[in-house]
Structure formats: C-alpha cells, structure tokens
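Participant: Hey, dropping start-v5.tsv in here, TSV, C-alpha atoms:
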chain	number	residue	atom	x	y	z
A	1	MET	CA	-1.54	22.68	-7.88
A	2	LEU	CA	-0.37	23.13	-11.48
A	3	TRP	CA	-2.00	20.66	-13.86
A	4	ALA	CA	1.39	19.53	-15.19
A	5	ASP	CA	2.52	18.50	-11.69
A	6	PHE	CA	-0.88	17.07	-10.92
A	7	TRP	CA	-0.96	14.83	-14.01
A	8	ILE	CA	2.51	13.43	-13.27
A	9	ILE	CA	1.47	12.57	-9.72
A	10	LEU	CA	-1.95	11.19	-10.65
A	11	ALA	CA	-0.87	9.16	-13.69
A	12	LEU	CA	2.14	7.49	-12.05
A	13	THR	CA	0.62	6.80	-8.62
A	14	ALA	CA	-2.65	5.56	-10.17
A	15	LEU	CA	-0.89	3.30	-12.68
A	16	CYS	CA	1.40	1.70	-10.08
A	17	THR	CA	-1.40	1.34	-7.52
A	18	PHE	CA	-3.65	-0.23	-10.17
A	19	LEU	CA	-0.92	-2.72	-11.09
A	20	SER	CA	-0.37	-3.59	-7.40
A	21	ARG	CA	-4.10	-4.23	-7.09
A	22	VAL	CA	-4.63	-6.40	-10.17
A	23	LEU	CA	-1.32	-8.02	-11.20
A	24	PRO	CA	-1.52	-11.07	-8.91
A	25	VAL	CA	-5.10	-11.71	-10.08
A	26	ALA	CA	-4.34	-11.04	-13.75
A	27	LEU	CA	-1.31	-13.35	-13.74
A	28	PHE	CA	-2.65	-16.25	-11.70
A	29	ALA	CA	-6.42	-16.27	-12.26
A	30	ASN	CA	-6.16	-19.15	-14.72
A	31	ARG	CA	-3.33	-21.06	-13.06
A	32	GLU	CA	-3.03	-23.39	-10.10
A	33	LEU	CA	-0.49	-22.26	-7.55
A	34	PRO	CA	1.65	-24.76	-5.63
A	35	VAL	CA	0.05	-25.90	-2.36
A	36	SER	CA	2.90	-24.41	-0.33
A	37	VAL	CA	2.27	-20.98	-1.87
A	38	MET	CA	-1.48	-21.22	-1.32
A	39	ARG	CA	-0.83	-22.11	2.32
A	40	SER	CA	1.44	-19.12	2.81
A	41	LEU	CA	-1.20	-16.83	1.29
A	42	GLU	CA	-3.53	-17.80	4.15
A	43	TYR	CA	-1.39	-15.74	6.53
A	44	ILE	CA	-1.85	-12.53	4.52
A	45	PRO	CA	-5.00	-11.31	6.29
A	46	VAL	CA	-3.74	-11.85	9.85
A	47	ALA	CA	-0.29	-10.43	9.03
A	48	ALA	CA	-1.71	-7.43	7.16
A	49	PHE	CA	-4.23	-6.49	9.86
A	50	ALA	CA	-1.59	-6.81	12.59
A	51	ALA	CA	0.74	-4.65	10.49
A	52	LEU	CA	-1.96	-2.02	9.89
A	53	VAL	CA	-2.90	-1.83	13.59
A	54	ALA	CA	0.76	-1.58	14.63
A	55	ASN	CA	1.33	1.08	11.97
A	56	ASP	CA	-1.54	3.15	13.41
A	57	LEU	CA	-0.30	2.76	16.99
A	58	ILE	CA	3.46	3.26	16.54
A	59	THR	CA	4.01	6.19	14.19
A	60	PRO	CA	7.49	7.14	12.90
A	61	ASP	CA	7.78	9.85	15.55
A	62	PRO	CA	5.44	8.66	18.32
A	63	PHE	CA	6.29	11.28	20.95
A	64	SER	CA	6.32	14.30	18.60
A	65	ALA	CA	3.14	15.64	20.21
A	66	GLY	CA	3.98	14.52	23.75
A	67	LEU	CA	3.36	11.46	25.89
A	68	ILE	CA	-0.45	11.57	26.07
A	69	PRO	CA	-1.20	11.51	22.30
A	70	ALA	CA	1.23	8.58	22.02
A	71	VAL	CA	-0.39	6.53	24.81
A	72	LEU	CA	-4.03	7.49	24.23
A	73	PRO	CA	-4.74	5.13	21.28
A	74	PHE	CA	-3.47	2.15	23.30
A	75	ILE	CA	-5.95	2.89	26.10
A	76	ALA	CA	-8.81	3.55	23.67
A	77	LEU	CA	-8.09	0.20	22.04
A	78	ILE	CA	-8.85	-1.77	25.24
A	79	PRO	CA	-12.66	-1.42	24.99
A	80	VAL	CA	-12.41	-2.08	21.24
A	81	ILE	CA	-10.64	-5.39	21.91
A	82	VAL	CA	-13.27	-6.41	24.47
A	83	VAL	CA	-16.14	-5.57	22.09
A	84	ALA	CA	-14.41	-7.24	19.13
A	85	LEU	CA	-13.89	-10.50	21.04
A	86	LYS	CA	-17.43	-10.49	22.44
A	87	THR	CA	-19.47	-9.36	19.41
A	88	LYS	CA	-17.22	-9.53	16.30
A	89	SER	CA	-19.18	-6.47	15.14
A	90	LEU	CA	-17.25	-3.91	13.08
A	91	ALA	CA	-19.89	-1.23	13.59
A	92	LEU	CA	-19.86	-1.61	17.38
A	93	CYS	CA	-16.06	-1.55	17.41
A	94	ILE	CA	-16.04	1.75	15.52
A	95	VAL	CA	-18.63	3.34	17.81
A	96	VAL	CA	-16.94	2.16	21.01
A	97	GLY	CA	-13.46	3.04	19.71
A	98	VAL	CA	-14.34	6.54	18.53
A	99	ALA	CA	-16.31	7.24	21.74
A	100	ALA	CA	-13.43	6.05	23.94
A	101	PHE	CA	-10.88	7.97	21.88
A	102	ALA	CA	-12.90	11.21	21.90
A	103	LEU	CA	-13.64	10.88	25.62
A	104	LEU	CA	-9.98	10.28	26.49
A	105	GLN	CA	-8.91	13.21	24.33
A	106	TRP	CA	-11.43	15.43	26.09
A	107	VAL	CA	-10.25	14.25	29.53
A	108	ALA	CA	-6.66	14.88	28.47
A	109	THR	CA	-7.42	18.50	27.55
A	110	LEU	CA	-9.05	19.00	30.96
A	111	THR	CA	-6.10	17.69	32.93
A	112	ILE	CA	-3.35	19.55	31.09
B	1	MET	CA	-32.98	-2.27	-5.30
B	2	PRO	CA	-31.52	-5.64	-6.39
B	3	ARG	CA	-30.72	-7.96	-3.50
B	4	PHE	CA	-26.99	-8.03	-4.08
B	5	LEU	CA	-26.88	-4.24	-3.84
B	6	LYS	CA	-28.71	-4.31	-0.50
B	7	LYS	CA	-26.56	-7.11	0.84
B	8	SER	CA	-23.32	-5.43	-0.21
B	9	PHE	CA	-24.49	-2.06	1.12
B	10	LYS	CA	-25.08	-3.59	4.53
B	11	ALA	CA	-21.61	-5.12	4.49
B	12	ALA	CA	-20.00	-1.89	3.28
B	13	LEU	CA	-21.75	0.41	5.76
B	14	PRO	CA	-19.01	0.39	8.44
B	15	ILE	CA	-16.45	1.30	5.76
B	16	MET	CA	-18.67	4.02	4.33
B	17	VAL	CA	-19.06	5.64	7.74
B	18	GLY	CA	-15.29	5.52	8.22
B	19	TYR	CA	-14.61	6.87	4.72
B	20	ILE	CA	-16.97	9.80	5.15
B	21	ALA	CA	-15.24	10.64	8.44
B	22	LEU	CA	-11.80	10.28	6.84
B	23	GLY	CA	-12.61	11.57	3.34
B	24	LEU	CA	-13.84	14.95	4.55
B	25	PRO	CA	-10.53	15.89	6.22
B	26	CYS	CA	-8.68	14.42	3.22
B	27	GLY	CA	-10.58	16.78	0.89
B	28	ILE	CA	-9.97	19.67	3.26
B	29	LEU	CA	-6.24	18.90	3.41
B	30	SER	CA	-6.09	18.55	-0.39
B	31	ASP	CA	-7.75	21.95	-0.74
B	32	ALA	CA	-5.17	23.39	1.65
B	33	ALA	CA	-2.45	21.87	-0.54
B	34	GLY	CA	-3.78	23.93	-3.44
B	35	MET	CA	-5.75	21.29	-5.33
B	36	SER	CA	-8.95	22.23	-7.13
B	37	VAL	CA	-12.19	20.37	-6.53
B	38	LEU	CA	-11.79	18.71	-9.93
B	39	GLN	CA	-8.28	17.51	-9.03
B	40	VAL	CA	-9.50	16.11	-5.71
B	41	ALA	CA	-12.34	14.33	-7.53
B	42	LEU	CA	-9.96	12.86	-10.14
B	43	LEU	CA	-7.59	11.55	-7.45
B	44	SER	CA	-10.48	10.01	-5.49
B	45	VAL	CA	-11.95	8.34	-8.59
B	46	ILE	CA	-8.76	7.17	-10.36
B	47	LEU	CA	-6.14	6.69	-7.60
B	48	TYR	CA	-8.63	5.91	-4.80
B	49	SER	CA	-6.14	5.49	-2.00
B	50	GLY	CA	-6.67	7.03	1.41
B	51	SER	CA	-3.09	6.83	2.58
B	52	GLY	CA	-1.92	7.84	-0.91
B	53	GLN	CA	-4.08	10.94	-1.08
B	54	TYR	CA	-3.16	12.04	2.44
B	55	MET	CA	0.50	11.62	1.52
B	56	ILE	CA	0.18	13.55	-1.76
B	57	ALA	CA	-1.45	16.51	-0.02
B	58	SER	CA	0.86	16.65	2.98
B	59	LEU	CA	4.08	15.97	1.03
B	60	TRP	CA	3.10	18.60	-1.56
B	61	LEU	CA	2.52	21.07	1.30
B	62	SER	CA	5.98	20.25	2.63
B	63	GLY	CA	7.44	21.20	-0.76
B	64	LEU	CA	8.56	17.77	-1.96
B	65	ASN	CA	8.97	17.36	-5.76
B	66	PRO	CA	6.34	15.36	-7.71
B	67	LEU	CA	8.54	12.35	-8.51
B	68	SER	CA	9.55	11.87	-4.87
B	69	ILE	CA	5.87	12.05	-3.90
B	70	VAL	CA	5.11	9.39	-6.52
B	71	ALA	CA	7.88	7.14	-5.16
B	72	ALA	CA	6.57	7.42	-1.59
B	73	VAL	CA	2.96	6.66	-2.57
B	74	VAL	CA	3.96	3.73	-4.79
B	75	MET	CA	6.00	2.17	-1.97
B	76	VAL	CA	3.15	2.52	0.51
B	77	ASN	CA	0.66	1.00	-1.93
B	78	LEU	CA	2.81	-2.06	-2.71
B	79	ARG	CA	0.91	-3.78	0.10
B	80	GLN	CA	-1.98	-4.09	-2.37
B	81	LEU	CA	-0.03	-6.94	-3.98
B	82	LEU	CA	-0.71	-8.95	-0.83
B	83	TYR	CA	-4.44	-8.26	-0.83
B	84	ALA	CA	-4.80	-9.28	-4.45
B	85	SER	CA	-2.82	-12.48	-3.77
B	86	SER	CA	-5.00	-13.27	-0.80
B	87	LEU	CA	-8.28	-12.63	-2.69
B	88	LEU	CA	-7.03	-14.67	-5.67
B	89	LYS	CA	-8.31	-17.95	-4.22
B	90	TYR	CA	-11.88	-16.60	-4.15
B	91	LEU	CA	-11.88	-14.29	-7.19
B	92	LYS	CA	-10.51	-16.97	-9.53
B	93	ARG	CA	-13.85	-18.79	-9.37
B	94	SER	CA	-15.06	-16.03	-11.73
B	95	PRO	CA	-13.91	-15.27	-15.30
B	96	ARG	CA	-10.53	-13.55	-15.41
B	97	LEU	CA	-11.82	-10.15	-16.51
B	98	ALA	CA	-14.44	-10.10	-13.74
B	99	ALA	CA	-11.76	-11.03	-11.20
B	100	ILE	CA	-9.50	-8.22	-12.43
B	101	ILE	CA	-12.31	-5.66	-12.25
B	102	ALA	CA	-13.23	-6.79	-8.73
B	103	ALA	CA	-9.56	-6.43	-7.69
B	104	SER	CA	-9.16	-2.99	-9.26
B	105	ASN	CA	-10.62	-0.91	-6.42
B	106	VAL	CA	-9.72	-2.91	-3.33
B	107	THR	CA	-8.61	-0.95	-0.26
B	108	ASP	CA	-7.29	-2.00	3.16
B	109	GLU	CA	-10.78	-1.77	4.59
B	110	SER	CA	-12.76	-3.35	1.76
B	111	PHE	CA	-10.20	-6.16	1.58
B	112	GLY	CA	-10.81	-6.72	5.28
B	113	ILE	CA	-14.59	-6.89	4.98
B	114	ASN	CA	-14.53	-9.01	1.83
B	115	ILE	CA	-11.95	-11.54	3.04
B	116	ALA	CA	-13.94	-12.00	6.27
B	117	ARG	CA	-17.11	-12.65	4.22
B	118	PHE	CA	-15.33	-14.96	1.78
B	119	GLN	CA	-13.97	-16.97	4.73
B	120	GLN	CA	-17.46	-17.27	6.19
B	121	GLY	CA	-18.74	-18.51	2.82
B	122	GLY	CA	-21.65	-17.48	0.59
B	123	TRP	CA	-19.75	-14.45	-0.72
B	124	THR	CA	-19.17	-13.81	-4.44
B	125	THR	CA	-16.92	-11.78	-6.74
B	126	ARG	CA	-19.89	-9.60	-7.63
B	127	LEU	CA	-20.75	-8.90	-3.97
B	128	SER	CA	-17.14	-8.07	-3.20
B	129	PHE	CA	-16.97	-5.67	-6.16
B	130	ALA	CA	-20.21	-4.05	-5.00
B	131	VAL	CA	-18.70	-3.54	-1.52
B	132	ASN	CA	-15.65	-1.93	-3.17
B	133	CYS	CA	-17.91	0.36	-5.19
B	134	TRP	CA	-20.03	1.50	-2.23
B	135	SER	CA	-16.81	2.29	-0.36
B	136	HIS	CA	-15.35	4.03	-3.42
B	137	LEU	CA	-18.52	6.12	-3.84
B	138	SER	CA	-18.50	7.29	-0.21
B	139	TRP	CA	-14.80	8.15	-0.50
B	140	ILE	CA	-15.34	10.23	-3.66
B	141	LEU	CA	-18.32	12.14	-2.24
B	142	ALA	CA	-16.64	12.83	1.12
B	143	ASN	CA	-13.49	14.12	-0.63
B	144	ILE	CA	-15.46	16.42	-2.94
B	145	VAL	CA	-17.48	17.83	-0.05
B	146	GLY	CA	-14.26	18.25	1.94
B	147	ALA	CA	-12.61	20.12	-0.93
B	148	LEU	CA	-15.70	22.33	-1.34
B	149	ILE	CA	-15.95	23.35	2.30
B	150	GLY	CA	-12.14	23.36	2.52
B	151	SER	CA	-11.10	26.71	3.91
B	152	LEU	CA	-14.24	27.12	6.06
B	153	VAL	CA	-13.37	24.49	8.63
B	154	THR	CA	-10.55	22.75	10.39
B	155	ILE	CA	-11.22	19.34	11.87
B	156	ASP	CA	-9.24	16.90	13.93
B	157	SER	CA	-8.69	13.86	11.75
B	158	SER	CA	-7.14	11.79	14.56
B	159	ILE	CA	-10.59	10.68	15.77
B	160	ALA	CA	-11.62	9.60	12.25
B	161	ALA	CA	-8.30	7.81	11.83
B	162	PHE	CA	-8.98	5.88	15.03
B	163	ALA	CA	-12.26	4.60	13.56
B	164	ILE	CA	-10.16	2.84	10.92
B	165	THR	CA	-7.78	1.50	13.59
B	166	ALA	CA	-10.84	0.03	15.34
B	167	ILE	CA	-11.91	-1.67	12.07
B	168	PHE	CA	-8.45	-3.25	11.60
B	169	THR	CA	-8.37	-4.36	15.26
B	170	CYS	CA	-11.75	-6.05	14.94
B	171	LEU	CA	-10.73	-7.75	11.67
B	172	LEU	CA	-7.48	-8.92	13.30
B	173	LEU	CA	-9.33	-10.44	16.25
B	174	MET	CA	-11.73	-12.24	13.88
B	175	GLN	CA	-8.81	-14.28	12.48
B	176	LYS	CA	-8.00	-17.82	13.63
B	177	GLY	CA	-6.46	-17.97	17.11
B	178	ARG	CA	-4.14	-20.90	16.32
B	179	GLY	CA	-0.51	-20.49	17.43
B	180	ASP	CA	0.96	-19.96	13.96
B	181	TYR	CA	-1.54	-17.18	13.22
B	182	VAL	CA	-0.76	-15.50	16.54
B	183	LEU	CA	2.98	-15.71	15.81
B	184	ALA	CA	2.40	-14.25	12.33
B	185	ALA	CA	0.51	-11.31	13.85
B	186	ILE	CA	3.16	-10.68	16.52
B	187	ALA	CA	5.98	-10.82	13.95
B	188	ALA	CA	4.16	-8.43	11.61
B	189	ALA	CA	3.43	-5.94	14.40
B	190	VAL	CA	6.97	-5.99	15.78
B	191	VAL	CA	8.57	-5.55	12.35
B	192	VAL	CA	6.23	-2.64	11.52
B	193	CYS	CA	7.21	-0.89	14.77
B	194	VAL	CA	10.91	-1.43	14.05
B	195	CYS	CA	10.50	-0.10	10.47
B	196	ASN	CA	8.57	2.97	11.63
B	197	LEU	CA	11.14	3.81	14.28
B	198	THR	CA	14.13	3.34	11.95
B	199	GLY	CA	13.07	5.51	9.02
B	200	LEU	CA	11.60	2.75	6.85
B	201	SER	CA	8.03	3.93	7.40
B	202	ASN	CA	7.12	4.00	3.69
B	203	LEU	CA	7.63	0.25	3.43
B	204	ALA	CA	6.66	-0.64	7.01
B	205	ILE	CA	3.34	-2.31	6.26
B	206	ILE	CA	4.52	-4.53	3.43
B	207	ILE	CA	7.80	-5.52	5.14
B	208	GLY	CA	5.91	-6.23	8.37
B	209	ALA	CA	3.21	-8.25	6.61
B	210	VAL	CA	5.74	-10.30	4.64
B	211	ALA	CA	7.65	-11.01	7.88
B	212	GLY	CA	4.40	-12.20	9.43
B	213	ILE	CA	3.61	-14.44	6.45
B	214	ILE	CA	7.09	-16.02	6.62
B	215	VAL	CA	6.91	-16.61	10.39
B	216	GLY	CA	3.41	-18.07	10.10
B	217	SER	CA	4.42	-20.38	7.25
B	218	LEU	CA	7.51	-21.59	9.14
B	219	ALA	CA	5.51	-22.22	12.32
B	220	ARG	CA	2.66	-23.93	10.50
B	221	SER	CA	3.83	-27.54	10.52
B	222	ARG	CA	4.20	-27.50	14.29
B	223	PHE	CA	0.72	-26.16	15.08
B	224	GLU	CA	-0.96	-28.07	12.30
B	225	SER	CA	0.40	-31.40	13.46
B	226	GLU	CA	-0.65	-30.52	17.02
B	227	SER	CA	-4.24	-29.91	15.99
B	228	ASP	CA	-4.19	-32.97	13.75
B	229	ALA	CA	-2.95	-35.02	16.70
B	230	SER	CA	-5.71	-33.69	18.94
B	231	ARG	CA	-8.28	-34.47	16.24
B	232	ALA	CA	-6.91	-37.97	16.00
B	233	GLY	CA	-7.09	-38.21	19.80
B	234	ASP	CA	-10.75	-37.17	19.75
B	235	ALA	CA	-11.51	-39.87	17.19
How does this structure look as structure tokens?
Facilitator:
Amino acid sequence: MLWADFWIILALTALCTFLSRVLPVALFANRELPVSVMRSLEYIPVAAFAALVANDLITPDPFSAGLIPAVLPFIALIPVIVVALKTKSLALCIVVGVAAFALLQWVATLTI
Amino acid sequence: MPRFLKKSFKAALPIMVGYIALGLPCGILSDAAGMSVLQVALLSVILYSGSGQYMIASLWLSGLNPLSIVAAVVMVNLRQLLYASSLLKYLKRSPRLAAIIAASNVTDESFGINIARFQQGGWTTRLSFAVNCWSHLSWILANIVGALIGSLVTIDSSIAAFAITAIFTCLLLMQKGRGDYVLAAIAAAVVVCVCNLTGLSNLAIIIGAVAGIIVGSLARSRFESESDASRAGDA
C-alpha cells in the first residue's frame, strides 16, 4: 500500500476512533449526569453484547456460502450457552465454543 | 511482577487468546492487501481496532478508495461512544486524565471484561487500563507475526471469529435477567439483524444497541416497580 494512501487511512480512522473512545469520558468526567441518563446507560452492556452476538450470527449475506455455514454457528452456540449459564467462565466458553464449531465444520465437510 | 499486573493479566487472558487467534489472520490478510510489516504494526498500535483493520484490508483488496474505507471504519467504530459512556460511571472516580487514558484503548472485548469486573466490584481504573494494555499487546504481536508469515500460510479465520462470539455470548448471559434487560437484548438483536439484511451493516451494531437501550429504558419502570413490590411483600 502506498504510504500516502496509508497515512490518510490511518490518520483519519485512528483520530475518529480515538474520539469515539474518549469523548464521553473527557466531556463528562467532572460532571454529574441526570439520573435518567445514568439509568439508561445501564442498558449499554446488555444491548451491546446482544447486538455483537446478533451481528456475528446474522451477517449481511448469511447464505452466501450455503445453508450449512449459515446454520452452523447457531448450533455451536448451544453448548456455549449451557456452559455460560452454568459456569460464567469466559475461558470455558471459548474452549467449548471453538471445539464445537471446529467439530461441526469437520462433520459438515464429511457429509457434503 | 506487581500484583495489579498479575491480576489484570489473569483477567485479560481470555481476550489475549482470542486476539492471538484473530490477530494472526488479520496480519496475514493485511499482508495480502499489500501492507508492509511496519504499516500493519502502526495500524495495530495506533488504530487498534479488530473490525477496523479487517475492514481496511478487505475493502482495500476490493479496490475501494481510501476515503470510503475511512467512512466505513468510522461508522463501525461509533459504537465505542457507548462503551465510553458506560464505563464513565466507574472511570470518573479517577482524575480526568487517568480516565481518558484508560478509555483510549478500549475494545469490544476489553470493555466486556472490564464492565463485568466493575459490576462485581473491587475493580479500578488502573486495572482496567492494564487489561486494555495486555489485550493491545497481544493484538500488536499477533498482527506483526501474521504479517511476517503472511504469504506462507492461509488459515480459516471463521473458527477464531467464533471464539469472540463465544466471549460476547458469555458476557451477555452474565447480565441481569430482569425483564427490561431481556427486552433490551431482544430489541438490540432484532434491530441488528434487520440492519444487516437491509444494507445498513456498517451502522448495525450502534443502531441495534441504541434501540436496545431505548427499549430497556422505556420498560424499566414496569419491571422496577414489580421487583420493588415483591421486595415490599417480602418485608
């Protein structure tokens, strides 16, 4: 990649991403926010994680690679949900999820 | 090693494993897009955005012009505004500059780990920044190694990507199970799916999350008064 193009991309994306990361903290670190706003902020984690999971599961073109790649993550997520509810352990969820996903992918290649 | 480094390392470990698995293919893809190792390192250090760096490499490969790439990445990263707003409550216990520094390298995953720890209690701005830095370090190293081995290998990044999905799923299920939180999650997920299927994928996460926040806030009074009533009943 030419350095001229690279610098445009790096400088602008990095500046805007940095501002997205720090502006709310920089602006409101020394101020009290109204109670109603603080209450609404409590929903950010649950809403963001649900959005991120949904974004991973339903891609813009879910069936571009066929039915199986579209359905496979949903099935692999079942053991992850069980482990998450039982143990609340991130590490275990990763191990179980990746194992289930890899296993299902391997089975899928055998059956096609 | 100081205690806070050990403690934060332990907390950051799941992210670091995920970032090594995801950073390697990111470096490989960046190399395929014609970036030098130095460019990959600069992006990983200064931009430090997984989705952003994947987008830059793949959109550059598809021949999109630099300013359009910038616009796409900036839209996707607007969701960071929400993380900073959510962390504000905890970071503002520290001096403003320390809070800003601790917010400067937050990612989806490190936000998730840190907010869970803050909610449990006993977590500090310094520990959260240390978690961000461990994650950042693993991301930088994995990207550089990926860019170095670049053309030698091809790997399937879908498995690594699913490790991150598993992290988000676990973090989601660790949230409160009260009705308004469940409704917020459902609203967010549904709106993200609608956005992704209607060509709004660049803004899907932030639109979905904001929809969830609105639905949760609107539903709050109902579920709060219910739990208050049951508490009163217990007493």
Participant: Give me, as a ChimeraX atom specification, the residues of chain B touching chain A, with the criterion being at most 6 Å (counting only C-alpha atoms).
Facilitator: /B:14,34-35,47,66,70,74,77-78,80-81,84-86,88,92,96,100,103-104,163,165-168,170,172,184-185,188-189,192-193,196-197,205,208-209,212-213,217
Participant: Hey, can you check how far CA of Pro95 (chain B) sits from CA of Phe129 (chain B)?
Facilitator: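 Atom-to-atom, CA of Pro95 (chain B) to CA of Phe129 (chain B), that is 13.6 Å.
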Participant: May I ask which of the residues B:Thr107, B:Ser201, B:Ser151, B:Ser158 is the closest one to Ser135 (chain B), counting only C-alpha atoms?
Facilitator: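 Once distances to Ser135 (chain B) are computed over only C-alpha atoms, the minimum belongs to B:Thr107.
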Participant: In Å, rounded to a single decimal, give me how far CA of Ile144 (chain B) is from CA of Leu127 (chain B).
Facilitator: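 If I compute the distance from CA of Leu127 (chain B) to CA of Ile144 (chain B), I get 25.9 Å.
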Participant: How many Å lie between CA of Gln120 (chain B) and CA of Phe223 (chain B), rounded to one decimal?
Facilitator: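 Result for CA of Gln120 (chain B) versus CA of Phe223 (chain B): 22.1 Å, one decimal.
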Participant: Given all atoms listed in the file as the basis, pick out the residue of B:Leu29, B:Phe162, B:Leu97, B:Trp123 nearest to Leu72 (chain A).
Facilitator: B:Phe162
Participant: Step by step, gather every atom of region 43-52 of chain A that the file lists, find the box along x, y and z that holds them, add 3 Å on each side, and finally give centre and edge lengths in Å to one decimal, as lines of an AutoDock Vina configuration file.
Facilitator:
center_x = -2.1
center_y = -8.9
center_z = 8.6
size_x = 11.7
size_y = 19.7
size_z = 14.1
Participant: Select all residues near (-17.0, 6.3, -4.5) (cut-off 10 Å, inclusive, file coordinates), counting all atoms listed in the file, and output them as an MDAnalysis selection string.
Facilitator: chainID B and resid 16 19 41 44:45 48 105 132:143
Participant: Fewer than 6 positions away in the same chain doesn't count, so skip those; otherwise give me all residues within 8 Å of region 49-51 of chain B, counting all atoms listed in the file, as JSON, numbers by chain.
Facilitator: {"B": [23, 26, 73, 76, 107]}
Participant: For a quick check of understanding, using only C-alpha atoms, which of B:Ser36, B:Asn114, B:Asn202, B:Ser58 has the smallest distance to Ser128 (chain B)?
Facilitator: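 Using only C-alpha atoms, the shortest distance to Ser128 (chain B) belongs to B:Asn114.
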Participant: Nearest residue to Ala21 (chain B) out of B:Val131, B:Ile164, B:Ala99, B:Leu43, using all atoms listed in the file?
Facilitator: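 So, comparing all the options, the nearest one is B:Ile164.
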